[in-house]
$ cat start21.cif   # mmCIF, C-alpha atoms
data_work
loop_
_atom_site.label_atom_id
_atom_site.label_comp_id
_atom_site.auth_asym_id
_atom_site.auth_seq_id
_atom_site.Cartn_x
_atom_site.Cartn_y
_atom_site.Cartn_z
CA MET A 1 -225.20 -65.16 -11.34
CA LEU A 2 -228.44 -63.70 -12.70
CA LEU A 3 -229.26 -64.23 -16.36
CA THR A 4 -228.64 -60.99 -18.25
CA ASP A 5 -230.85 -61.50 -21.32
CA ILE A 6 -234.56 -62.35 -21.32
CA ARG A 7 -233.81 -64.93 -24.02
CA ASP A 8 -231.73 -66.81 -21.46
CA TYR A 9 -234.91 -67.27 -19.44
CA GLN A 10 -236.75 -68.43 -22.55
CA ILE A 11 -234.07 -71.04 -23.16
CA LEU A 12 -234.18 -72.13 -19.53
CA PHE A 13 -237.98 -72.46 -19.48
CA LEU A 14 -238.25 -74.22 -22.85
CA GLY A 15 -235.54 -76.65 -21.81
CA LEU A 16 -237.43 -77.27 -18.58
CA PHE A 17 -240.64 -77.95 -20.52
CA LEU A 18 -238.80 -80.40 -22.75
CA VAL A 19 -237.41 -82.34 -19.78
CA LEU A 20 -240.78 -82.18 -18.02
CA GLY A 21 -242.66 -83.44 -21.06
CA ILE A 22 -240.31 -86.37 -21.59
CA GLY A 23 -240.32 -87.25 -17.89
CA THR A 24 -244.03 -86.89 -17.10
CA ARG A 25 -245.88 -87.30 -20.39
CA ASP A 26 -244.05 -90.38 -21.74
CA TRP A 27 -243.38 -88.77 -25.10
CA THR A 28 -241.91 -90.98 -27.79
CA LEU A 29 -239.19 -88.43 -28.45
CA ARG A 30 -235.77 -89.67 -29.53
CA PRO A 31 -232.81 -87.79 -28.00
CA GLU A 32 -230.92 -87.88 -31.29
CA LEU A 33 -233.65 -85.84 -32.97
CA ILE A 34 -233.30 -83.16 -30.30
CA GLY A 35 -229.57 -83.10 -30.99
CA VAL A 36 -230.17 -82.81 -34.73
CA ALA A 37 -232.58 -79.90 -34.23
CA ILE A 38 -230.17 -78.02 -31.97
CA ALA A 39 -227.08 -78.64 -34.11
CA THR A 40 -228.82 -77.76 -37.38
CA CYS A 41 -230.36 -74.55 -36.01
CA LEU A 42 -227.07 -73.35 -34.53
CA ALA A 43 -225.06 -74.23 -37.63
CA THR A 44 -227.55 -72.60 -40.01
CA GLN A 45 -227.71 -69.43 -37.89
CA TRP A 46 -223.91 -69.23 -37.74
CA ILE A 47 -223.38 -69.80 -41.46
CA LEU A 48 -226.09 -67.43 -42.68
CA SER A 49 -225.07 -64.72 -40.21
CA LEU A 50 -221.50 -64.86 -41.48
CA VAL A 51 -222.68 -64.81 -45.11
CA ILE A 52 -224.84 -61.74 -44.45
CA SER A 53 -221.99 -60.11 -42.55
CA HIS A 54 -219.48 -60.62 -45.38
CA TRP A 55 -222.05 -59.50 -47.94
CA SER A 56 -222.64 -56.29 -45.97
CA LEU A 57 -218.91 -55.62 -45.76
CA ALA A 58 -218.58 -56.15 -49.51
CA ASN A 59 -221.39 -53.71 -50.23
CA ASN A 60 -219.71 -51.18 -47.94
CA LYS A 61 -216.51 -51.55 -49.98
CA GLY A 62 -214.66 -53.22 -47.17
CA GLN A 63 -215.35 -50.56 -44.57
CA MET A 64 -215.17 -52.06 -41.09
CA THR A 65 -218.14 -51.78 -38.77
CA ASN A 66 -218.60 -52.60 -35.10
CA ASP A 67 -217.11 -56.08 -34.62
CA LYS A 68 -219.59 -56.86 -31.86
CA LYS A 69 -222.43 -56.45 -34.30
CA GLN A 70 -220.86 -58.92 -36.70
CA MET A 71 -220.84 -61.79 -34.23
CA PRO A 72 -223.80 -64.16 -34.64
CA ASN A 73 -225.97 -64.38 -31.55
CA LEU A 74 -227.03 -68.01 -31.24
CA ARG A 75 -229.67 -67.54 -28.54
CA SER A 76 -232.50 -67.19 -31.04
CA ALA A 77 -231.40 -70.31 -32.92
CA LEU A 78 -231.35 -72.30 -29.70
CA ILE A 79 -234.85 -71.05 -28.84
CA THR A 80 -236.08 -72.17 -32.27
CA SER A 81 -234.49 -75.60 -31.88
CA LEU A 82 -236.14 -76.12 -28.48
CA GLY A 83 -239.49 -75.07 -29.94
CA LEU A 84 -239.15 -77.59 -32.75
CA SER A 85 -238.17 -80.30 -30.27
CA LEU A 86 -241.24 -79.54 -28.14
CA LEU A 87 -243.77 -79.52 -30.95
CA LEU A 88 -242.55 -81.41 -34.02
CA ARG A 89 -242.34 -85.18 -34.28
CA ALA A 90 -240.64 -87.15 -37.05
CA ASP A 91 -239.51 -90.68 -37.86
CA HIS A 92 -236.24 -89.72 -39.53
CA TRP A 93 -233.48 -87.32 -38.52
CA THR A 94 -233.44 -85.80 -42.00
CA THR A 95 -236.96 -84.48 -41.46
CA MET A 96 -235.92 -82.66 -38.29
CA ALA A 97 -232.83 -81.30 -40.03
CA ILE A 98 -234.93 -79.97 -42.91
CA ALA A 99 -237.37 -78.31 -40.52
CA ALA A 100 -234.56 -76.73 -38.50
CA ALA A 101 -232.63 -75.43 -41.50
CA ILE A 102 -235.73 -73.97 -43.14
CA ALA A 103 -236.84 -72.42 -39.86
CA ILE A 104 -233.61 -70.44 -39.45
CA ALA A 105 -233.33 -69.62 -43.15
CA SER A 106 -236.82 -68.10 -43.14
CA LYS A 107 -235.55 -65.28 -40.90
CA PHE A 108 -233.03 -64.23 -43.53
CA ILE A 109 -235.23 -64.79 -46.60
CA PHE A 110 -238.66 -63.45 -45.67
CA GLN A 111 -237.86 -59.93 -44.56
CA VAL A 112 -239.40 -56.52 -45.17
CA GLY A 113 -237.38 -53.59 -43.97
CA ASP A 114 -234.95 -55.84 -42.08
CA LYS A 115 -237.83 -57.43 -40.15
CA HIS A 116 -238.79 -61.06 -40.63
CA PHE A 117 -242.50 -61.76 -40.45
CA PHE A 118 -242.68 -65.55 -40.09
CA ASN A 119 -242.15 -67.14 -36.70
CA PRO A 120 -239.15 -69.41 -37.44
CA ALA A 121 -240.28 -72.44 -35.43
CA ASN A 122 -243.78 -72.20 -36.88
CA PHE A 123 -242.40 -71.87 -40.41
CA GLY A 124 -240.19 -74.93 -39.88
CA ILE A 125 -243.11 -76.98 -38.56
CA ILE A 126 -245.41 -76.12 -41.47
CA SER A 127 -242.61 -76.71 -43.98
CA ALA A 128 -241.92 -80.16 -42.54
CA LEU A 129 -245.63 -81.03 -42.64
CA ILE A 130 -245.82 -80.00 -46.31
CA LEU A 131 -242.50 -81.26 -47.62
CA THR A 132 -241.95 -84.53 -45.74
CA PRO A 133 -244.10 -87.66 -45.34
CA ASP A 134 -243.21 -88.47 -41.73
CA ALA A 135 -243.67 -85.20 -39.83
CA TRP A 136 -246.56 -84.59 -37.46
CA VAL A 137 -247.63 -82.42 -34.53
CA SER A 138 -249.54 -83.64 -31.49
CA PRO A 139 -251.55 -80.69 -30.08
CA GLY A 140 -252.86 -82.78 -27.19
CA GLN A 141 -249.49 -84.06 -26.01
CA TRP A 142 -249.64 -82.01 -22.77
CA GLY A 143 -253.04 -83.30 -21.74
CA GLU A 144 -255.27 -81.11 -19.56
CA GLU A 145 -253.64 -81.21 -16.13
CA TRP A 146 -254.16 -77.89 -14.33
CA TRP A 147 -250.62 -77.66 -12.98
CA TYR A 148 -249.17 -77.56 -16.48
CA GLY A 149 -251.34 -74.54 -17.14
CA LEU A 150 -250.14 -72.80 -13.98
CA LEU A 151 -246.52 -73.51 -14.90
CA PHE A 152 -246.93 -72.14 -18.42
CA LEU A 153 -248.83 -69.07 -17.20
CA GLY A 154 -246.24 -68.32 -14.53
CA THR A 155 -243.16 -68.63 -16.73
CA GLY A 156 -244.79 -67.15 -19.81
CA GLY A 157 -246.22 -64.26 -17.82
CA MET A 158 -242.79 -63.34 -16.49
CA ILE A 159 -241.34 -63.18 -20.00
CA LEU A 160 -244.31 -61.26 -21.41
CA GLN A 161 -244.00 -58.70 -18.64
CA ARG A 162 -240.37 -58.14 -19.59
CA VAL A 163 -240.95 -57.86 -23.35
CA GLY A 164 -244.28 -56.03 -23.05
CA ARG A 165 -246.31 -58.31 -25.31
CA TRP A 166 -249.01 -59.48 -22.88
CA ASP A 167 -251.61 -57.75 -25.06
CA THR A 168 -251.08 -60.27 -27.85
CA THR A 169 -251.72 -63.26 -25.62
CA ALA A 170 -254.73 -61.59 -24.00
CA ALA A 171 -256.27 -60.71 -27.37
CA PHE A 172 -255.76 -64.21 -28.77
CA LEU A 173 -256.99 -66.16 -25.75
CA GLY A 174 -259.84 -63.74 -25.08
CA SER A 175 -261.11 -63.82 -28.68
CA TYR A 176 -260.76 -67.56 -29.06
CA SER A 177 -262.43 -68.24 -25.70
CA LEU A 178 -265.34 -65.97 -26.62
CA LEU A 179 -265.87 -67.68 -29.98
CA GLU A 180 -265.80 -71.12 -28.37
CA ALA A 181 -268.25 -69.93 -25.67
CA ILE A 182 -270.71 -68.64 -28.28
CA ARG A 183 -270.50 -71.90 -30.23
CA ASN A 184 -270.90 -73.95 -27.07
CA PHE A 185 -273.99 -71.97 -26.06
CA TRP A 186 -275.47 -72.13 -29.58
CA LEU A 187 -275.12 -75.92 -29.72
CA GLY A 188 -276.52 -76.35 -26.21
CA TRP A 189 -273.51 -78.25 -24.92
CA THR A 190 -272.53 -78.41 -21.27
CA TRP A 191 -269.74 -76.13 -20.11
CA ASP A 192 -267.57 -79.14 -19.39
CA VAL A 193 -267.11 -79.41 -23.15
CA TYR A 194 -266.10 -75.76 -23.31
CA TRP A 195 -263.43 -76.07 -20.63
CA HIS A 196 -262.21 -79.30 -22.18
CA ARG A 197 -261.48 -77.44 -25.44
CA LEU A 198 -259.66 -74.61 -23.71
CA MET A 199 -257.64 -76.45 -21.03
CA SER A 200 -254.88 -77.53 -23.37
CA GLY A 201 -251.21 -77.19 -22.50
CA SER A 202 -250.30 -76.89 -26.17
CA LEU A 203 -252.76 -74.02 -26.67
CA LEU A 204 -251.21 -72.15 -23.74
CA LEU A 205 -247.69 -72.82 -25.02
CA PHE A 206 -248.70 -71.39 -28.38
CA ALA A 207 -250.37 -68.33 -26.85
CA LEU A 208 -247.54 -67.57 -24.44
CA PHE A 209 -244.39 -68.62 -26.29
CA MET A 210 -245.05 -68.59 -30.05
CA ILE A 211 -247.63 -65.98 -31.01
CA THR A 212 -245.81 -63.42 -28.83
CA ASP A 213 -242.51 -63.41 -30.76
CA PRO A 214 -241.65 -59.69 -30.42
CA ARG A 215 -239.42 -59.64 -33.51
CA SER A 216 -241.98 -60.95 -36.02
CA ILE A 217 -245.35 -59.69 -34.74
CA PRO A 218 -246.74 -56.16 -35.37
CA ASN A 219 -244.86 -53.36 -33.65
CA SER A 220 -247.84 -51.31 -32.45
CA ARG A 221 -250.19 -52.41 -29.68
CA ILE A 222 -253.34 -51.94 -31.78
CA GLY A 223 -251.69 -53.85 -34.62
CA ARG A 224 -250.87 -56.76 -32.31
CA VAL A 225 -254.42 -56.87 -30.96
CA VAL A 226 -255.97 -56.87 -34.44
CA TRP A 227 -253.47 -59.51 -35.60
CA ALA A 228 -254.09 -61.78 -32.61
CA VAL A 229 -257.87 -61.52 -33.01
CA CYS A 230 -257.56 -62.49 -36.70
CA ILE A 231 -255.45 -65.53 -35.79
CA ALA A 232 -257.98 -66.54 -33.13
CA GLY A 233 -260.81 -66.27 -35.66
CA LEU A 234 -259.01 -68.34 -38.30
CA THR A 235 -258.01 -70.91 -35.67
CA PHE A 236 -261.66 -71.22 -34.62
CA ILE A 237 -262.81 -71.72 -38.22
CA LEU A 238 -260.12 -74.26 -39.12
CA ARG A 239 -260.64 -76.26 -35.94
CA ASN A 240 -264.45 -76.36 -35.84
CA TYR A 241 -265.46 -76.32 -39.50
CA PHE A 242 -262.49 -77.96 -41.25
CA PHE A 243 -261.51 -80.18 -38.28
CA VAL A 244 -257.81 -79.29 -38.46
CA SER A 245 -256.23 -80.43 -35.20
CA THR A 246 -253.17 -78.21 -35.77
CA ALA A 247 -255.29 -75.15 -36.58
CA VAL A 248 -253.29 -72.68 -34.45
CA PHE A 249 -250.07 -73.37 -36.36
CA TRP A 250 -251.72 -73.06 -39.78
CA ALA A 251 -253.50 -69.87 -38.73
CA LEU A 252 -250.26 -68.24 -37.58
CA PHE A 253 -248.50 -69.32 -40.77
CA ALA A 254 -251.27 -68.00 -43.04
CA LEU A 255 -251.62 -64.64 -41.32
CA ALA A 256 -247.95 -63.93 -40.60
CA PRO A 257 -247.59 -61.59 -43.63
CA LEU A 258 -250.48 -59.51 -42.27
CA SER A 259 -248.09 -58.09 -39.67
CA ILE A 260 -246.31 -56.15 -42.43
CA LEU A 261 -249.54 -54.43 -43.47
CA LEU A 262 -250.39 -53.64 -39.85
CA ASP A 263 -246.96 -52.09 -39.34
CA ILE A 264 -247.70 -49.79 -42.28
CA LEU A 265 -251.14 -48.84 -40.96
CA TRP A 266 -249.96 -48.21 -37.39
CA LEU A 267 -246.37 -47.03 -37.12
CA ALA A 268 -244.44 -47.87 -33.95
CA PRO A 269 -240.79 -48.46 -32.98
CA ARG A 270 -239.42 -51.87 -33.80
CA PHE A 271 -238.66 -54.17 -30.89
CA ALA A 272 -235.00 -54.79 -30.00
CA TRP A 273 -233.82 -57.24 -27.34
CA ARG A 274 -231.21 -54.76 -26.23
CA GLU A 275 -229.25 -51.85 -27.63
CA GLY A 276 -227.06 -52.94 -30.51
CA ASP A 277 -229.16 -55.93 -31.55
CA GLU A 278 -229.84 -54.52 -34.99
CA GLY A 279 -226.49 -55.59 -36.43
CA ALA A 280 -225.86 -58.24 -39.06
CA GLY A 281 -225.23 -60.87 -36.44
CA GLU A 282 -228.76 -60.31 -35.08
CA ALA A 283 -230.52 -60.37 -38.44
CA GLY A 284 -233.92 -61.86 -37.85
CA GLU A 285 -233.91 -62.54 -34.11
CA GLU A 286 -237.00 -64.35 -32.94
CA PHE A 287 -238.88 -65.78 -30.02
CA LEU A 288 -240.25 -69.61 -30.04
CA THR A 289 -241.52 -70.68 -30.82
CA GLN A 290 -241.82 -70.43 -31.29
CA HIS A 291 -241.86 -69.50 -30.73
CA SER A 292 -240.12 -70.02 -31.98
#
$ encode --input "start21.cif" --output "structure tokens"
Amino acid sequence: MLLTDIRDYQILFLGLFLVLGIGTRDWTLRPELIGVAIATCLATQWILSLVISHWSLANNKGQMTNDKKQMPNLRSALITSLGLSLLLRADHWTTMAIAAAIAIASKFIFQVGDKHFFNPANFGIISALILTPDAWVSPGQWGEEWWYGLLFLGTGGMILQRVGRWDTTAAFLGSYSLLEAIRNFWLGWTWDVYWHRLMSGSLLLFALFMITDPRSIPNSRIGRVVWAVCIAGLTFILRNYFFVSTAVFWALFALAPLSILLDILWLAPRFAWREGDEGAGEAGEEFLTQHS
């Protein structure tokens, strides 16, 4: 049977990447931490969705609404948990649990007009890096093998075609590649250095599966392009002048609130996974991430 929701494909692909990374990259990833991330994300999504649902009913003086809209959809939570498992490393299970709980909670807390503006997986990663002593991210964990890049481009491209957010990836990768090319030319380095800095599986994962979260990025096309270019510029500065190896994650975290301003400047319809996804059970849906 064909998968009916594009998020089902996201879950399938992210799960495939997780198995592939463990099997071919020899990651030191403990299975119990994956289980903690998944369980915590699902439980937090379920609990907070029910709390919001009951709160909405109370404010409506007990009037019943569409029951279907009150049921928590756990797809987004599963996507977030897979994103955390792919990117975040920790020594203790409590660190992963903290990251997962904060990631899901951010969707319900940081909202403007019923739209969350932080990518949940990214928010959980940054929170773990700040709040715990044993969390870290390994941007180079995928190496530079060309077939990883083809796999990410193929799967990510299929999803972006369905959700219509290819412009965000193109703007980010195009801007970042141009900045790196200018720097490479200015310093007189060989182009092998340039390709070495760009051929990163983690960079492609970020560009295809995290920065393209349709529920937290700007709604308009011009807003998404401006936003992606700003993230590329900040990533370039943090990586080359402050030597931050996790620059892309910090750049996305720092500029996430900018999407609210861009939505005000350029009005456009808000993205919905499918008709009826705006109910309480879908409060704060996200991509991996990402995004996710």
$ atom_distance --input "start21.cif" --atom1 "atom CA of A:Leu42" --atom2 "atom CA of A:Ser106"
14.0 Å
$ closest_residue --input "start21.cif" --among "A:Arg7, A:Arg239, A:Lys107, A:Arg30" --to "A:Leu88" --atoms "only C-alpha atoms"
A:Arg30
$ closest_residue --input "start21.cif" --among "A:Ala171, A:Ala90, A:Ala121, A:Gly156" --to "A:Asp134" --atoms "all atoms listed in the file"
A:Ala90
$ closest_residue --input "start21.cif" --among "A:Asn122, A:Thr132, A:Asn59, A:Thr40" --to "A:Asp91" --atoms "only C-alpha atoms"
A:Thr132
$ resolve_selection --input "start21.cif" --expression "the PyMOL selection byres ((chain A and resi 96) around 12)" --output "PDB file with C-alpha atoms, in the coordinates of the input"
ATOM      1  CA  LEU A  29    -239.190 -88.430 -28.450  1.00  0.00           C
ATOM      2  CA  ARG A  30    -235.770 -89.670 -29.530  1.00  0.00           C
ATOM      3  CA  PRO A  31    -232.810 -87.790 -28.000  1.00  0.00           C
ATOM      4  CA  GLU A  32    -230.920 -87.880 -31.290  1.00  0.00           C
ATOM      5  CA  LEU A  33    -233.650 -85.840 -32.970  1.00  0.00           C
ATOM      6  CA  ILE A  34    -233.300 -83.160 -30.300  1.00  0.00           C
ATOM      7  CA  GLY A  35    -229.570 -83.100 -30.990  1.00  0.00           C
ATOM      8  CA  VAL A  36    -230.170 -82.810 -34.730  1.00  0.00           C
ATOM      9  CA  ALA A  37    -232.580 -79.900 -34.230  1.00  0.00           C
ATOM     10  CA  ILE A  38    -230.170 -78.020 -31.970  1.00  0.00           C
ATOM     11  CA  ALA A  39    -227.080 -78.640 -34.110  1.00  0.00           C
ATOM     12  CA  THR A  40    -228.820 -77.760 -37.380  1.00  0.00           C
ATOM     13  CA  CYS A  41    -230.360 -74.550 -36.010  1.00  0.00           C
ATOM     14  CA  SER A  81    -234.490 -75.600 -31.880  1.00  0.00           C
ATOM     15  CA  LEU A  82    -236.140 -76.120 -28.480  1.00  0.00           C
ATOM     16  CA  GLY A  83    -239.490 -75.070 -29.940  1.00  0.00           C
ATOM     17  CA  LEU A  84    -239.150 -77.590 -32.750  1.00  0.00           C
ATOM     18  CA  SER A  85    -238.170 -80.300 -30.270  1.00  0.00           C
ATOM     19  CA  LEU A  86    -241.240 -79.540 -28.140  1.00  0.00           C
ATOM     20  CA  LEU A  87    -243.770 -79.520 -30.950  1.00  0.00           C
ATOM     21  CA  LEU A  88    -242.550 -81.410 -34.020  1.00  0.00           C
ATOM     22  CA  ARG A  89    -242.340 -85.180 -34.280  1.00  0.00           C
ATOM     23  CA  ALA A  90    -240.640 -87.150 -37.050  1.00  0.00           C
ATOM     24  CA  ASP A  91    -239.510 -90.680 -37.860  1.00  0.00           C
ATOM     25  CA  HIS A  92    -236.240 -89.720 -39.530  1.00  0.00           C
ATOM     26  CA  TRP A  93    -233.480 -87.320 -38.520  1.00  0.00           C
ATOM     27  CA  THR A  94    -233.440 -85.800 -42.000  1.00  0.00           C
ATOM     28  CA  THR A  95    -236.960 -84.480 -41.460  1.00  0.00           C
ATOM     29  CA  ALA A  97    -232.830 -81.300 -40.030  1.00  0.00           C
ATOM     30  CA  ILE A  98    -234.930 -79.970 -42.910  1.00  0.00           C
ATOM     31  CA  ALA A  99    -237.370 -78.310 -40.520  1.00  0.00           C
ATOM     32  CA  ALA A 100    -234.560 -76.730 -38.500  1.00  0.00           C
ATOM     33  CA  ALA A 101    -232.630 -75.430 -41.500  1.00  0.00           C
ATOM     34  CA  ILE A 102    -235.730 -73.970 -43.140  1.00  0.00           C
ATOM     35  CA  ALA A 103    -236.840 -72.420 -39.860  1.00  0.00           C
ATOM     36  CA  ALA A 121    -240.280 -72.440 -35.430  1.00  0.00           C
ATOM     37  CA  GLY A 124    -240.190 -74.930 -39.880  1.00  0.00           C
ATOM     38  CA  ILE A 125    -243.110 -76.980 -38.560  1.00  0.00           C
ATOM     39  CA  ILE A 126    -245.410 -76.120 -41.470  1.00  0.00           C
ATOM     40  CA  SER A 127    -242.610 -76.710 -43.980  1.00  0.00           C
ATOM     41  CA  ALA A 128    -241.920 -80.160 -42.540  1.00  0.00           C
ATOM     42  CA  LEU A 129    -245.630 -81.030 -42.640  1.00  0.00           C
ATOM     43  CA  LEU A 131    -242.500 -81.260 -47.620  1.00  0.00           C
ATOM     44  CA  THR A 132    -241.950 -84.530 -45.740  1.00  0.00           C
ATOM     45  CA  PRO A 133    -244.100 -87.660 -45.340  1.00  0.00           C
ATOM     46  CA  ASP A 134    -243.210 -88.470 -41.730  1.00  0.00           C
ATOM     47  CA  ALA A 135    -243.670 -85.200 -39.830  1.00  0.00           C
ATOM     48  CA  TRP A 136    -246.560 -84.590 -37.460  1.00  0.00           C
TER      49      TRP A 136
END
$ build_atoms --input "start21.cif" --residues "stretch 6-23 of chain A" --atoms "N, CA, C and O atoms" --output "PDB file, in the coordinates of the input"
ATOM      1  N   ILE A   6    -233.276 -61.679 -21.491  1.00  0.00           N
ATOM      2  CA  ILE A   6    -234.560 -62.350 -21.320  1.00  0.00           C
ATOM      3  C   ILE A   6    -234.616 -63.639 -22.130  1.00  0.00           C
ATOM      4  O   ILE A   6    -235.309 -64.593 -21.779  1.00  0.00           O
ATOM      5  N   ARG A   7    -233.848 -63.693 -23.233  1.00  0.00           N
ATOM      6  CA  ARG A   7    -233.810 -64.930 -24.020  1.00  0.00           C
ATOM      7  C   ARG A   7    -233.170 -66.076 -23.266  1.00  0.00           C
ATOM      8  O   ARG A   7    -233.457 -67.242 -23.536  1.00  0.00           O
ATOM      9  N   ASP A   8    -232.301 -65.754 -22.302  1.00  0.00           N
ATOM     10  CA  ASP A   8    -231.730 -66.810 -21.460  1.00  0.00           C
ATOM     11  C   ASP A   8    -232.819 -67.491 -20.638  1.00  0.00           C
ATOM     12  O   ASP A   8    -232.789 -68.703 -20.432  1.00  0.00           O
ATOM     13  N   TYR A   9    -233.784 -66.699 -20.175  1.00  0.00           N
ATOM     14  CA  TYR A   9    -234.910 -67.270 -19.440  1.00  0.00           C
ATOM     15  C   TYR A   9    -235.798 -68.111 -20.359  1.00  0.00           C
ATOM     16  O   TYR A   9    -236.312 -69.151 -19.957  1.00  0.00           O
ATOM     17  N   GLN A  10    -235.973 -67.646 -21.581  1.00  0.00           N
ATOM     18  CA  GLN A  10    -236.750 -68.430 -22.550  1.00  0.00           C
ATOM     19  C   GLN A  10    -236.098 -69.789 -22.780  1.00  0.00           C
ATOM     20  O   GLN A  10    -236.773 -70.821 -22.807  1.00  0.00           O
ATOM     21  N   ILE A  11    -234.793 -69.784 -22.954  1.00  0.00           N
ATOM     22  CA  ILE A  11    -234.070 -71.040 -23.160  1.00  0.00           C
ATOM     23  C   ILE A  11    -234.201 -71.938 -21.945  1.00  0.00           C
ATOM     24  O   ILE A  11    -234.434 -73.149 -22.066  1.00  0.00           O
ATOM     25  N   LEU A  12    -234.065 -71.366 -20.763  1.00  0.00           N
ATOM     26  CA  LEU A  12    -234.180 -72.130 -19.530  1.00  0.00           C
ATOM     27  C   LEU A  12    -235.567 -72.758 -19.402  1.00  0.00           C
ATOM     28  O   LEU A  12    -235.704 -73.952 -19.103  1.00  0.00           O
ATOM     29  N   PHE A  13    -236.617 -71.964 -19.642  1.00  0.00           N
ATOM     30  CA  PHE A  13    -237.980 -72.460 -19.480  1.00  0.00           C
ATOM     31  C   PHE A  13    -238.329 -73.498 -20.534  1.00  0.00           C
ATOM     32  O   PHE A  13    -238.947 -74.526 -20.236  1.00  0.00           O
ATOM     33  N   LEU A  14    -237.946 -73.256 -21.783  1.00  0.00           N
ATOM     34  CA  LEU A  14    -238.250 -74.220 -22.850  1.00  0.00           C
ATOM     35  C   LEU A  14    -237.509 -75.525 -22.626  1.00  0.00           C
ATOM     36  O   LEU A  14    -238.038 -76.618 -22.878  1.00  0.00           O
ATOM     37  N   GLY A  15    -236.271 -75.437 -22.153  1.00  0.00           N
ATOM     38  CA  GLY A  15    -235.540 -76.650 -21.810  1.00  0.00           C
ATOM     39  C   GLY A  15    -236.205 -77.406 -20.678  1.00  0.00           C
ATOM     40  O   GLY A  15    -236.275 -78.642 -20.687  1.00  0.00           O
ATOM     41  N   LEU A  16    -236.708 -76.657 -19.689  1.00  0.00           N
ATOM     42  CA  LEU A  16    -237.430 -77.270 -18.580  1.00  0.00           C
ATOM     43  C   LEU A  16    -238.687 -77.979 -19.076  1.00  0.00           C
ATOM     44  O   LEU A  16    -238.988 -79.106 -18.658  1.00  0.00           O
ATOM     45  N   PHE A  17    -239.432 -77.330 -19.974  1.00  0.00           N
ATOM     46  CA  PHE A  17    -240.640 -77.950 -20.520  1.00  0.00           C
ATOM     47  C   PHE A  17    -240.310 -79.230 -21.268  1.00  0.00           C
ATOM     48  O   PHE A  17    -241.049 -80.212 -21.194  1.00  0.00           O
ATOM     49  N   LEU A  18    -239.200 -79.228 -21.995  1.00  0.00           N
ATOM     50  CA  LEU A  18    -238.800 -80.400 -22.750  1.00  0.00           C
ATOM     51  C   LEU A  18    -238.490 -81.568 -21.815  1.00  0.00           C
ATOM     52  O   LEU A  18    -238.952 -82.701 -22.025  1.00  0.00           O
ATOM     53  N   VAL A  19    -237.730 -81.292 -20.762  1.00  0.00           N
ATOM     54  CA  VAL A  19    -237.410 -82.340 -19.780  1.00  0.00           C
ATOM     55  C   VAL A  19    -238.668 -82.803 -19.065  1.00  0.00           C
ATOM     56  O   VAL A  19    -238.884 -84.009 -18.847  1.00  0.00           O
ATOM     57  N   LEU A  20    -239.532 -81.855 -18.721  1.00  0.00           N
ATOM     58  CA  LEU A  20    -240.780 -82.180 -18.020  1.00  0.00           C
ATOM     59  C   LEU A  20    -241.694 -83.032 -18.890  1.00  0.00           C
ATOM     60  O   LEU A  20    -242.296 -84.004 -18.424  1.00  0.00           O
ATOM     61  N   GLY A  21    -241.797 -82.679 -20.158  1.00  0.00           N
ATOM     62  CA  GLY A  21    -242.660 -83.440 -21.060  1.00  0.00           C
ATOM     63  C   GLY A  21    -242.176 -84.862 -21.252  1.00  0.00           C
ATOM     64  O   GLY A  21    -242.967 -85.811 -21.232  1.00  0.00           O
ATOM     65  N   ILE A  22    -240.871 -85.029 -21.408  1.00  0.00           N
ATOM     66  CA  ILE A  22    -240.310 -86.370 -21.590  1.00  0.00           C
ATOM     67  C   ILE A  22    -240.470 -87.187 -20.303  1.00  0.00           C
ATOM     68  O   ILE A  22    -240.772 -88.384 -20.338  1.00  0.00           O
ATOM     69  N   GLY A  23    -240.288 -86.529 -19.158  1.00  0.00           N
ATOM     70  CA  GLY A  23    -240.320 -87.250 -17.890  1.00  0.00           C
ATOM     71  C   GLY A  23    -241.709 -87.569 -17.383  1.00  0.00           C
ATOM     72  O   GLY A  23    -241.900 -88.592 -16.708  1.00  0.00           O
TER      73      GLY A  23
END
